[in-house]
Structures are given as C-alpha cells and as structure tokens.
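final-v1.cif follows (mmCIF, C-alpha atoms):
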```cif
data_model
loop_
_atom_site.label_atom_id
_atom_site.label_comp_id
_atom_site.auth_asym_id
_atom_site.auth_seq_id
_atom_site.Cartn_x
_atom_site.Cartn_y
_atom_site.Cartn_z
CA MET A 22 0.00 0.00 0.00
CA ARG A 23 1.35 3.41 -1.01
CA VAL A 24 0.31 6.42 1.08
CA MET A 25 1.11 10.07 0.36
CA ILE A 26 1.03 12.57 3.24
CA ILE A 27 0.94 16.34 2.78
CA SER A 28 0.40 19.35 5.03
CA ASP A 29 -0.09 23.07 4.46
CA LEU A 30 -0.70 23.00 0.72
CA HIS A 31 -1.96 26.61 1.03
CA TYR A 32 -3.77 26.78 -2.29
CA ASP A 33 -4.71 30.45 -2.50
CA ARG A 34 -5.23 32.95 -5.31
CA ARG A 35 -2.34 35.19 -4.31
CA VAL A 36 1.38 35.75 -4.30
CA TYR A 37 2.59 35.55 -0.70
CA LYS A 38 6.15 36.55 0.20
CA GLY A 39 7.15 36.10 -3.41
CA ILE A 40 5.53 32.64 -3.71
CA ASP A 41 2.69 32.08 -6.19
CA GLU A 42 0.28 29.98 -4.14
CA SER A 43 -2.16 29.67 -7.05
CA LYS A 44 0.07 26.94 -8.51
CA ALA A 45 -0.34 24.63 -5.50
CA TRP A 46 -3.26 22.60 -6.84
CA SER A 47 -1.75 21.84 -10.23
CA TRP A 48 1.46 20.80 -8.47
CA LEU A 49 -0.47 18.47 -6.16
CA MET A 50 -2.23 16.83 -9.10
CA GLU A 51 1.10 16.34 -10.84
CA ILE A 52 2.75 14.57 -7.90
CA VAL A 53 -0.36 12.44 -7.34
CA ASP A 54 -0.21 11.36 -10.98
CA TYR A 55 3.51 10.68 -10.58
CA HIS A 56 3.27 8.51 -7.44
CA ARG A 57 -0.27 7.11 -7.85
CA PRO A 58 -0.91 6.68 -4.10
CA ASN A 59 -3.66 4.40 -2.88
CA LEU A 60 -4.40 6.93 -0.15
CA LEU A 61 -3.67 10.64 0.31
CA LEU A 62 -3.57 11.96 3.88
CA SER A 63 -3.46 15.65 4.77
CA CYS A 64 -2.76 17.45 8.04
CA GLY A 65 -4.83 20.44 6.99
CA ASP A 66 -4.39 23.96 5.65
CA TRP A 67 -5.49 23.18 2.10
CA GLY A 68 -6.06 26.89 1.53
CA SER A 69 -9.05 29.04 0.65
CA ALA A 70 -9.04 28.39 -3.12
CA ILE A 71 -10.01 24.71 -3.02
CA ASN A 72 -13.28 24.06 -4.83
CA PRO A 73 -15.55 21.05 -5.48
CA GLU A 74 -14.76 20.82 -9.19
CA GLU A 75 -10.99 20.54 -8.75
CA PHE A 76 -11.29 18.39 -5.65
CA TYR A 77 -13.47 15.93 -7.52
CA LYS A 78 -10.69 15.45 -10.07
CA LEU A 79 -8.34 14.59 -7.19
CA LEU A 80 -10.87 12.10 -5.81
CA GLU A 81 -10.99 10.40 -9.21
CA ARG A 82 -7.30 9.61 -8.75
CA THR A 83 -7.00 8.57 -5.09
CA THR A 84 -8.82 8.19 -1.79
CA VAL A 85 -8.41 11.22 0.48
CA LEU A 86 -8.59 11.57 4.27
CA THR A 87 -7.86 14.90 5.92
CA ILE A 88 -8.13 16.88 9.10
CA TYR A 89 -8.58 20.64 8.99
CA GLY A 90 -6.02 23.13 10.25
CA ASN A 91 -6.56 26.87 10.60
CA HIS A 92 -6.48 27.96 6.93
CA ASP A 93 -9.17 25.85 5.30
CA ASN A 94 -12.33 26.22 3.25
CA MET A 95 -14.66 24.29 5.54
CA ASP A 96 -17.58 24.57 3.14
CA VAL A 97 -15.68 22.42 0.64
CA LEU A 98 -14.07 20.00 3.09
CA THR A 99 -17.37 19.16 4.81
CA LYS A 100 -19.16 18.39 1.54
CA MET A 101 -16.65 16.18 -0.29
CA TYR A 102 -16.97 12.38 -0.27
CA ASN A 103 -14.66 9.76 -1.69
CA ILE A 104 -15.74 8.09 -4.91
CA ARG A 105 -13.19 5.25 -5.05
CA THR A 106 -14.39 3.53 -1.87
CA SER A 107 -17.31 1.14 -1.58
CA ASN A 108 -18.67 2.94 1.47
CA TYR A 109 -19.94 6.49 1.92
CA LEU A 110 -16.67 7.96 3.18
CA PRO A 111 -16.30 11.71 3.80
CA ILE A 112 -12.83 13.12 3.18
CA LEU A 113 -12.96 15.04 6.47
CA MET A 114 -11.95 12.81 9.36
CA LYS A 115 -13.90 12.70 12.62
CA ASP A 116 -11.99 13.34 15.82
CA GLY A 117 -11.20 10.11 17.61
CA GLU A 118 -12.42 7.81 14.83
CA ILE A 119 -10.03 5.10 13.59
CA TYR A 120 -9.81 4.61 9.84
CA LYS A 121 -8.41 1.24 8.81
CA PHE A 122 -6.70 0.87 5.45
CA ASN A 123 -5.04 -2.48 4.84
CA ASP A 124 -2.91 -2.87 7.97
CA LEU A 125 -2.83 0.80 8.99
CA ASN A 126 -4.89 2.31 11.81
CA ILE A 127 -5.17 6.03 11.01
CA ALA A 128 -6.63 8.75 13.23
CA GLY A 129 -6.56 12.53 13.51
CA ILE A 130 -7.40 15.52 15.68
CA ASN A 131 -8.75 18.51 13.82
CA GLY A 132 -7.85 22.14 14.21
CA ILE A 133 -5.67 24.22 16.50
CA ILE A 134 -6.06 25.05 20.18
CA ALA A 135 -7.45 28.27 21.62
CA LYS A 136 -7.98 29.18 25.28
CA LYS A 137 -11.66 29.54 24.58
CA LYS A 138 -13.34 27.69 21.76
CA LYS A 139 -14.05 30.02 18.86
CA THR A 140 -14.15 30.16 15.08
CA LYS A 141 -11.88 32.29 12.91
CA LYS A 142 -12.62 32.79 9.21
CA GLY A 143 -15.06 29.91 9.40
CA VAL A 144 -12.57 27.42 10.85
CA PRO A 145 -13.33 26.06 14.36
CA ARG A 146 -10.75 25.98 17.15
CA LYS A 147 -10.60 23.57 20.07
CA THR A 148 -10.15 24.13 23.77
CA VAL A 149 -7.42 22.32 25.66
CA GLU A 150 -10.04 20.06 27.22
CA GLU A 151 -11.51 19.11 23.83
CA PHE A 152 -8.10 18.27 22.43
CA LEU A 153 -7.21 16.06 25.38
CA ARG A 154 -10.62 14.38 25.33
CA VAL A 155 -9.93 13.07 21.83
CA ALA A 156 -6.51 11.85 22.96
CA GLU A 157 -8.18 9.85 25.73
CA GLU A 158 -10.50 8.23 23.18
CA LEU A 159 -7.45 7.09 21.19
CA ARG A 160 -5.32 5.95 24.12
CA GLY A 161 -4.33 2.29 23.84
CA LYS A 162 -5.94 1.88 20.39
CA ASN A 163 -2.73 0.92 18.52
CA ILE A 164 -2.74 3.91 16.20
CA ASP A 165 -0.21 3.62 13.38
CA VAL A 166 -0.55 7.13 11.94
CA LEU A 167 -1.87 10.15 13.85
CA LEU A 168 -2.50 13.37 11.93
CA LEU A 169 -2.34 16.69 13.76
CA HIS A 170 -2.12 20.28 12.66
CA GLU A 171 -0.90 21.62 16.00
CA THR A 172 2.78 21.16 16.86
CA PRO A 173 3.97 19.44 20.06
CA TYR A 174 6.47 21.30 22.21
CA LEU A 175 9.80 20.22 20.70
CA PRO A 176 12.35 23.04 21.13
CA GLU A 177 15.06 20.67 19.88
CA LEU A 178 13.45 20.90 16.44
CA PHE A 179 11.84 24.33 16.68
CA PRO A 180 14.01 26.63 18.87
CA PHE A 181 11.72 29.58 18.15
CA MET A 182 8.50 27.94 19.37
CA ARG A 183 6.73 29.19 22.45
CA ASP A 184 6.31 27.04 25.53
CA ASP A 185 2.59 27.68 25.78
CA PHE A 186 -0.69 25.91 26.47
CA ALA A 187 -1.14 24.81 22.83
CA SER A 188 2.27 23.19 22.33
CA ARG A 189 2.23 21.59 25.80
CA THR A 190 -1.26 20.20 25.23
CA THR A 191 -0.20 18.72 21.90
CA LEU A 192 2.79 17.09 23.58
CA LYS A 193 0.41 15.52 26.12
CA VAL A 194 -1.63 14.15 23.22
CA VAL A 195 1.45 12.40 21.83
CA GLU A 196 2.29 10.99 25.27
CA ARG A 197 -1.23 9.62 25.75
CA VAL A 198 -1.90 8.20 22.30
CA LYS A 199 1.65 6.95 21.56
CA PRO A 200 1.08 6.26 17.85
CA ARG A 201 3.76 4.61 15.73
CA LEU A 202 4.01 7.70 13.55
CA ILE A 203 2.75 11.25 14.08
CA ILE A 204 2.67 13.89 11.34
CA ASN A 205 1.93 17.61 11.47
CA GLY A 206 2.65 20.88 9.71
CA HIS A 207 1.58 24.38 10.77
CA THR A 208 4.91 25.82 11.96
CA HIS A 209 6.44 26.64 8.54
CA SER A 210 9.98 25.85 9.61
CA GLY A 211 11.71 24.32 6.61
CA GLY A 212 10.56 21.39 4.51
CA TYR A 213 10.64 18.57 7.06
CA LYS A 214 12.02 17.54 10.44
CA VAL A 215 12.25 14.13 12.14
CA TYR A 216 12.27 13.32 15.86
CA SER A 217 12.17 10.09 17.90
CA PHE A 218 10.36 10.05 21.22
CA PRO A 219 11.72 7.86 24.07
CA TRP A 220 8.88 5.41 23.45
CA ARG A 221 7.86 3.88 20.09
CA THR A 222 6.51 7.11 18.55
CA LYS A 223 8.29 8.69 15.57
CA TYR A 224 7.47 12.29 14.66
CA ILE A 225 7.76 13.99 11.28
CA TYR A 226 6.97 17.61 10.49
CA VAL A 227 6.34 18.31 6.80
CA SER A 228 5.47 21.39 4.73
CA SER A 229 3.93 21.00 1.27
CA ASP A 230 3.59 24.67 0.37
CA GLN A 231 5.01 26.06 -2.86
CA LYS A 232 8.18 27.19 -1.15
CA GLU A 233 9.11 23.78 0.29
CA LYS A 234 7.12 21.28 -1.84
CA CYS A 235 7.85 18.47 0.64
CA TYR A 236 5.70 15.43 1.26
CA LEU A 237 5.95 11.85 2.50
CA ILE A 238 5.46 8.53 0.75
CA ILE A 239 4.83 5.55 3.01
CA TYR A 240 4.97 1.93 1.91
CA SER A 241 3.18 -0.22 4.46
CA THR A 242 3.07 -3.97 4.97
CA SER A 243 1.74 -6.04 7.85
CA ASN A 244 4.92 -5.70 9.91
CA ASP A 245 6.96 -2.92 8.34
CA MET A 246 6.77 0.72 7.30
CA MET A 247 9.09 2.40 4.81
CA ILE A 248 8.95 6.20 4.92
CA GLU A 249 10.33 8.38 2.15
CA VAL A 250 10.70 12.17 2.26
CA TRP A 251 10.32 13.86 -1.13
CA ARG A 252 10.86 17.41 -2.28
CA ASN A 253 9.02 17.92 -5.54
CA TYR A 254 10.19 14.99 -7.71
CA GLU A 255 13.34 14.20 -5.75
CA ARG A 256 13.51 11.62 -3.00
CA PHE A 257 16.19 12.71 -0.59
CA MET A 258 15.53 10.66 2.56
CA ARG A 259 14.37 7.10 3.18
CA TYR A 260 13.73 5.56 6.58
CA ARG A 261 12.57 2.19 7.70
CA TYR A 262 10.29 2.64 10.72
CA ARG A 263 12.71 1.02 13.15
CA GLU A 264 15.58 3.20 11.87
CA LEU A 265 13.96 6.55 12.65
#
```

Encoded form (structure tokens):
Amino acid sequence: MRVMIISDLHYDRRVYKGIDESKAWSWLMEIVDYHRPNLLLSCGDWGSAINPEEFYKLLERTTVLTIYGNHDNMDVLTKMYNIRTSNYLPILMKDGEIYKFNDLNIAGINGIIAKKKKTKKGVPRKTVEEFLRVAEELRGKNIDVLLLHETPYLPELFPFMRDDFASRTTLKVVERVKPRLIINGHTHSGGYKVYSFPWRTKYIYVSSDQKEKCYLIIYSTSNDMMIEVWRNYERFMRYRYREL
C-alpha cells in the first residue's frame, strides 16, 4: 500500500512573500499522478481556493482523508466524499475515529487550540479540554498514523516555538496516544524535520507549500513501514520505521 502525506498546501489565489500559491493545486495533481498513491492523507491547511470541481478530479485519482487546520475552506471539506471507496466515506476525518486501510490504523485531531473555543474565518478551534478528550478516546488503540495540525512542544526541532498551552497540550496528546508515527505541519519551519520520542513514537513535520514542496510517501506492509521524504520529484531521505 502506497500512502502520500501532505500538510499546508496553502492553495490560494495570491502571491505571498514572493511565492505564487495559485500553482499549488496543479502541483499536487502532478505529484499524485507521478506517485499514484492508494491513499492521500493531509494534516490540513489546504487553503481558501479549493473548490468542489478541482477536488473531484483529485478524488478520481486517489482516496483522500484529511483533518482541517486553521487555513481551510470548511464549506468544501465538509461536503466532499470519496468516490473510489465502496462505502460512503467523507474526506474530512472525525476526531477520535479510527480509519483502517489495509494494515494501517489512522486517526486525527482537527484544528488548533485556543484558550476559549471560537471560530476564525469559518474554521473552528478547540479548547485544551476538547483536544485532550480526543486523545483519551485514542489511548491504547494501537494507532499507526496520527494526523495533527498543531505542533507538540519540541524546542530541539523548533528553537523559536513558544512554551505555551497549545504546544504543551499537543505534547500531552502524543504521550497519551503513543502512535507509531505522528505527522503535522503548521509551523512553517523548513521542509521537514524528524524526531524520535523515548517510546515507540516517531514524529515527522512536513510542509507542502510552494516554497518547500515536501511530502511523505509511506509503503506499508503487515509488519513494516518504509517512509520516504520527497521534495518535488526528488527523493532525498528514506527511513525504515525502526531506523527513525
């Protein structure tokens, strides 16, 4: 089984800091056609320019599961359903639900954390308590891949990050769920970063925006996981799960 994982595509009709974000969707379609993944996972921040017509063309090519981040068009994400599956499968993942594909148990926690639950530009936030409640639902469930948008407190990887309630809460989530692999984006700190927790959890940050163009390809079997880090059409890192 071949799985592609992206985060922070940021498909928007603008040029931001010299980067033309309007090219993000065509780039995504090109790399999907190149790799032909069985499943595409996203950690959110698709961008405001996504639309049903273009998304449908993506769903013709692969099955998609995604969480939302803090820069998403919720009207599109909540209405899209996969067309390559035999069941009625929304692309937007439910918090705490386990999605099984072949031998992978996949789960996600949507959104970012705010002190008080609120919505900004149509995208919901979560309170600390809501975030941790989902983690409790997933504790001990043998999760292989956990998708987050928020970033756990890891100053070794992100020296600039604040030691605040959001990053500390996300770290508690990792400690409680203990998935085999956890992926997130959000911080915009280079193309990718890898970290090994003292237990069995391996962490990878990845940014798929038009500046970095990084993404992951995972090959999964019943007892093994090969993880490749790609930038555009170049593979520049390969890890076996136990080597991370």

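Shortest atom-to-atom contact with Leu202 in chain A among A:Val149, A:Ile26, A:Leu175, A:Ala187: A:Ile26, counting all atoms listed in the file.
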
- request: In Å, rounded to a single decimal, give me how far CA of Val166 in chain A is from CA of Gly211 in chain A.
  value: 21.8 Å

field: Atom-to-atom span, CA of Ser63 in chain A and CA of Ser28 in chain A, Å
entry: 5.4 Å

message: Please compute the CA of Ile164 in chain A-CA of Asn94 in chain A distance, one decimal, in Å.
response: 27.5 Å

Residues within 8 Å of Glu81 in chain A, only C-alpha atoms, excluding chain neighbours under 2 positions, as an mmCIF file with C-alpha atoms, in the coordinates of the input:
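So the final result, stored in selection_36.cif, reads:
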```
data_model
loop_
_atom_site.group_PDB
_atom_site.id
_atom_site.type_symbol
_atom_site.label_atom_id
_atom_site.label_comp_id
_atom_site.auth_asym_id
_atom_site.auth_seq_id
_atom_site.Cartn_x
_atom_site.Cartn_y
_atom_site.Cartn_z
ATOM 1 C CA TYR A 77 -13.470 15.930 -7.520
ATOM 2 C CA LYS A 78 -10.690 15.450 -10.070
ATOM 3 C CA LEU A 79 -8.340 14.590 -7.190
ATOM 4 C CA THR A 83 -7.000 8.570 -5.090
ATOM 5 C CA ILE A 104 -15.740 8.090 -4.910
ATOM 6 C CA ARG A 105 -13.190 5.250 -5.050
#
```

task: May I have the residues at most 9 Å from (-9.2, 11.5, 18.3) in the file's coordinates, counting all atoms listed in the file, as JSON, numbers by chain?
output: {"A": [115, 116, 117, 118, 119, 128, 129, 130, 131, 152, 153, 154, 155, 156, 157, 158, 159, 160, 167, 198]}

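Ranking A:Met25, A:Thr190, A:Tyr240, A:Arg183 by their shortest atom-to-atom distance to Arg259 in chain A, with all atoms listed in the file included, puts A:Tyr240 first.
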
- request: Place a sphere of radius 9 Å on (5.0, 24.9, 11.7) in the file coordinates and name every protein, DNA or RNA residue with an atom inside or on its surface, counting all atoms listed in the file; give the answer as a VMD selection string.
  value: chain A and resid 170 to 172 179 182 205 to 211 226 to 228

Atoms are missing here; could range 203-226 of chain A be completed with N, CA, C and O atoms and written as a JSON list (two decimals), keeping the file's coordinate frame?
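Output file result_37.json is given in full below:
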```
[["chain", "number", "residue", "atom", "x", "y", "z"],
["A", 203, "ILE", "N", 3.59, 10.06, 13.97],
["A", 203, "ILE", "CA", 2.75, 11.25, 14.08],
["A", 203, "ILE", "C", 3.27, 12.29, 13.10],
["A", 203, "ILE", "O", 4.48, 12.51, 12.98],
["A", 204, "ILE", "N", 2.33, 12.92, 12.37],
["A", 204, "ILE", "CA", 2.67, 13.89, 11.34],
["A", 204, "ILE", "C", 1.94, 15.19, 11.63],
["A", 204, "ILE", "O", 0.77, 15.18, 12.00],
["A", 205, "ASN", "N", 2.63, 16.32, 11.44],
["A", 205, "ASN", "CA", 1.93, 17.61, 11.47],
["A", 205, "ASN", "C", 2.67, 18.62, 10.62],
["A", 205, "ASN", "O", 3.77, 18.38, 10.13],
["A", 206, "GLY", "N", 2.04, 19.77, 10.44],
["A", 206, "GLY", "CA", 2.65, 20.88, 9.71],
["A", 206, "GLY", "C", 2.61, 22.13, 10.55],
["A", 206, "GLY", "O", 3.13, 22.16, 11.65],
["A", 207, "HIS", "N", 1.99, 23.19, 10.02],
["A", 207, "HIS", "CA", 1.58, 24.38, 10.77],
["A", 207, "HIS", "C", 2.70, 25.37, 11.08],
["A", 207, "HIS", "O", 2.49, 26.57, 11.00],
["A", 208, "THR", "N", 3.90, 24.90, 11.43],
["A", 208, "THR", "CA", 4.91, 25.82, 11.96],
["A", 208, "THR", "C", 5.70, 26.55, 10.88],
["A", 208, "THR", "O", 6.34, 27.56, 11.16],
["A", 209, "HIS", "N", 5.70, 26.04, 9.65],
["A", 209, "HIS", "CA", 6.44, 26.64, 8.54],
["A", 209, "HIS", "C", 7.90, 26.89, 8.93],
["A", 209, "HIS", "O", 8.38, 28.03, 9.00],
["A", 210, "SER", "N", 8.58, 25.80, 9.18],
["A", 210, "SER", "CA", 9.98, 25.85, 9.61],
["A", 210, "SER", "C", 10.80, 24.88, 8.78],
["A", 210, "SER", "O", 11.23, 23.83, 9.25],
["A", 211, "GLY", "N", 10.98, 25.21, 7.50],
["A", 211, "GLY", "CA", 11.71, 24.32, 6.61],
["A", 211, "GLY", "C", 10.78, 23.27, 6.03],
["A", 211, "GLY", "O", 9.58, 23.23, 6.28],
["A", 212, "GLY", "N", 11.36, 22.37, 5.22],
["A", 212, "GLY", "CA", 10.56, 21.39, 4.51],
["A", 212, "GLY", "C", 10.11, 20.21, 5.34],
["A", 212, "GLY", "O", 8.97, 19.75, 5.23],
["A", 213, "TYR", "N", 11.01, 19.70, 6.21],
["A", 213, "TYR", "CA", 10.64, 18.57, 7.06],
["A", 213, "TYR", "C", 11.61, 18.48, 8.22],
["A", 213, "TYR", "O", 12.74, 18.99, 8.17],
["A", 214, "LYS", "N", 11.17, 17.81, 9.28],
["A", 214, "LYS", "CA", 12.02, 17.54, 10.44],
["A", 214, "LYS", "C", 11.58, 16.21, 11.03],
["A", 214, "LYS", "O", 10.40, 15.85, 10.97],
["A", 215, "VAL", "N", 12.53, 15.46, 11.59],
["A", 215, "VAL", "CA", 12.25, 14.13, 12.14],
["A", 215, "VAL", "C", 12.72, 14.08, 13.59],
["A", 215, "VAL", "O", 13.78, 14.62, 13.93],
["A", 216, "TYR", "N", 11.93, 13.42, 14.43],
["A", 216, "TYR", "CA", 12.27, 13.32, 15.86],
["A", 216, "TYR", "C", 11.79, 11.97, 16.37],
["A", 216, "TYR", "O", 10.73, 11.48, 15.97],
["A", 217, "SER", "N", 12.55, 11.36, 17.27],
["A", 217, "SER", "CA", 12.17, 10.09, 17.90],
["A", 217, "SER", "C", 11.89, 10.32, 19.38],
["A", 217, "SER", "O", 12.75, 10.83, 20.10],
["A", 218, "PHE", "N", 10.70, 9.97, 19.81],
["A", 218, "PHE", "CA", 10.36, 10.05, 21.22],
["A", 218, "PHE", "C", 10.97, 8.86, 21.97],
["A", 218, "PHE", "O", 11.33, 7.85, 21.35],
["A", 219, "PRO", "N", 11.11, 8.95, 23.30],
["A", 219, "PRO", "CA", 11.72, 7.86, 24.07],
["A", 219, "PRO", "C", 10.95, 6.54, 23.96],
["A", 219, "PRO", "O", 11.52, 5.47, 24.16],
["A", 220, "TRP", "N", 9.65, 6.63, 23.66],
["A", 220, "TRP", "CA", 8.88, 5.41, 23.45],
["A", 220, "TRP", "C", 8.85, 5.10, 21.96],
["A", 220, "TRP", "O", 9.73, 5.51, 21.22],
["A", 221, "ARG", "N", 7.86, 4.38, 21.46],
["A", 221, "ARG", "CA", 7.86, 3.88, 20.09],
["A", 221, "ARG", "C", 7.43, 4.92, 19.05],
["A", 221, "ARG", "O", 7.44, 4.64, 17.86],
["A", 222, "THR", "N", 7.05, 6.12, 19.47],
["A", 222, "THR", "CA", 6.51, 7.11, 18.55],
["A", 222, "THR", "C", 7.60, 7.84, 17.77],
["A", 222, "THR", "O", 8.58, 8.32, 18.35],
["A", 223, "LYS", "N", 7.42, 7.92, 16.46],
["A", 223, "LYS", "CA", 8.29, 8.69, 15.57],
["A", 223, "LYS", "C", 7.50, 9.88, 15.06],
["A", 223, "LYS", "O", 6.34, 9.75, 14.67],
["A", 224, "TYR", "N", 8.14, 11.04, 15.02],
["A", 224, "TYR", "CA", 7.47, 12.29, 14.66],
["A", 224, "TYR", "C", 8.12, 12.86, 13.41],
["A", 224, "TYR", "O", 9.35, 12.92, 13.30],
["A", 225, "ILE", "N", 7.26, 13.30, 12.47],
["A", 225, "ILE", "CA", 7.76, 13.99, 11.28],
["A", 225, "ILE", "C", 6.92, 15.24, 11.04],
["A", 225, "ILE", "O", 5.69, 15.18, 10.98],
["A", 226, "TYR", "N", 7.60, 16.37, 10.93],
["A", 226, "TYR", "CA", 6.97, 17.61, 10.49],
["A", 226, "TYR", "C", 7.22, 17.73, 8.99],
["A", 226, "TYR", "O", 8.32, 17.45, 8.49]]
```
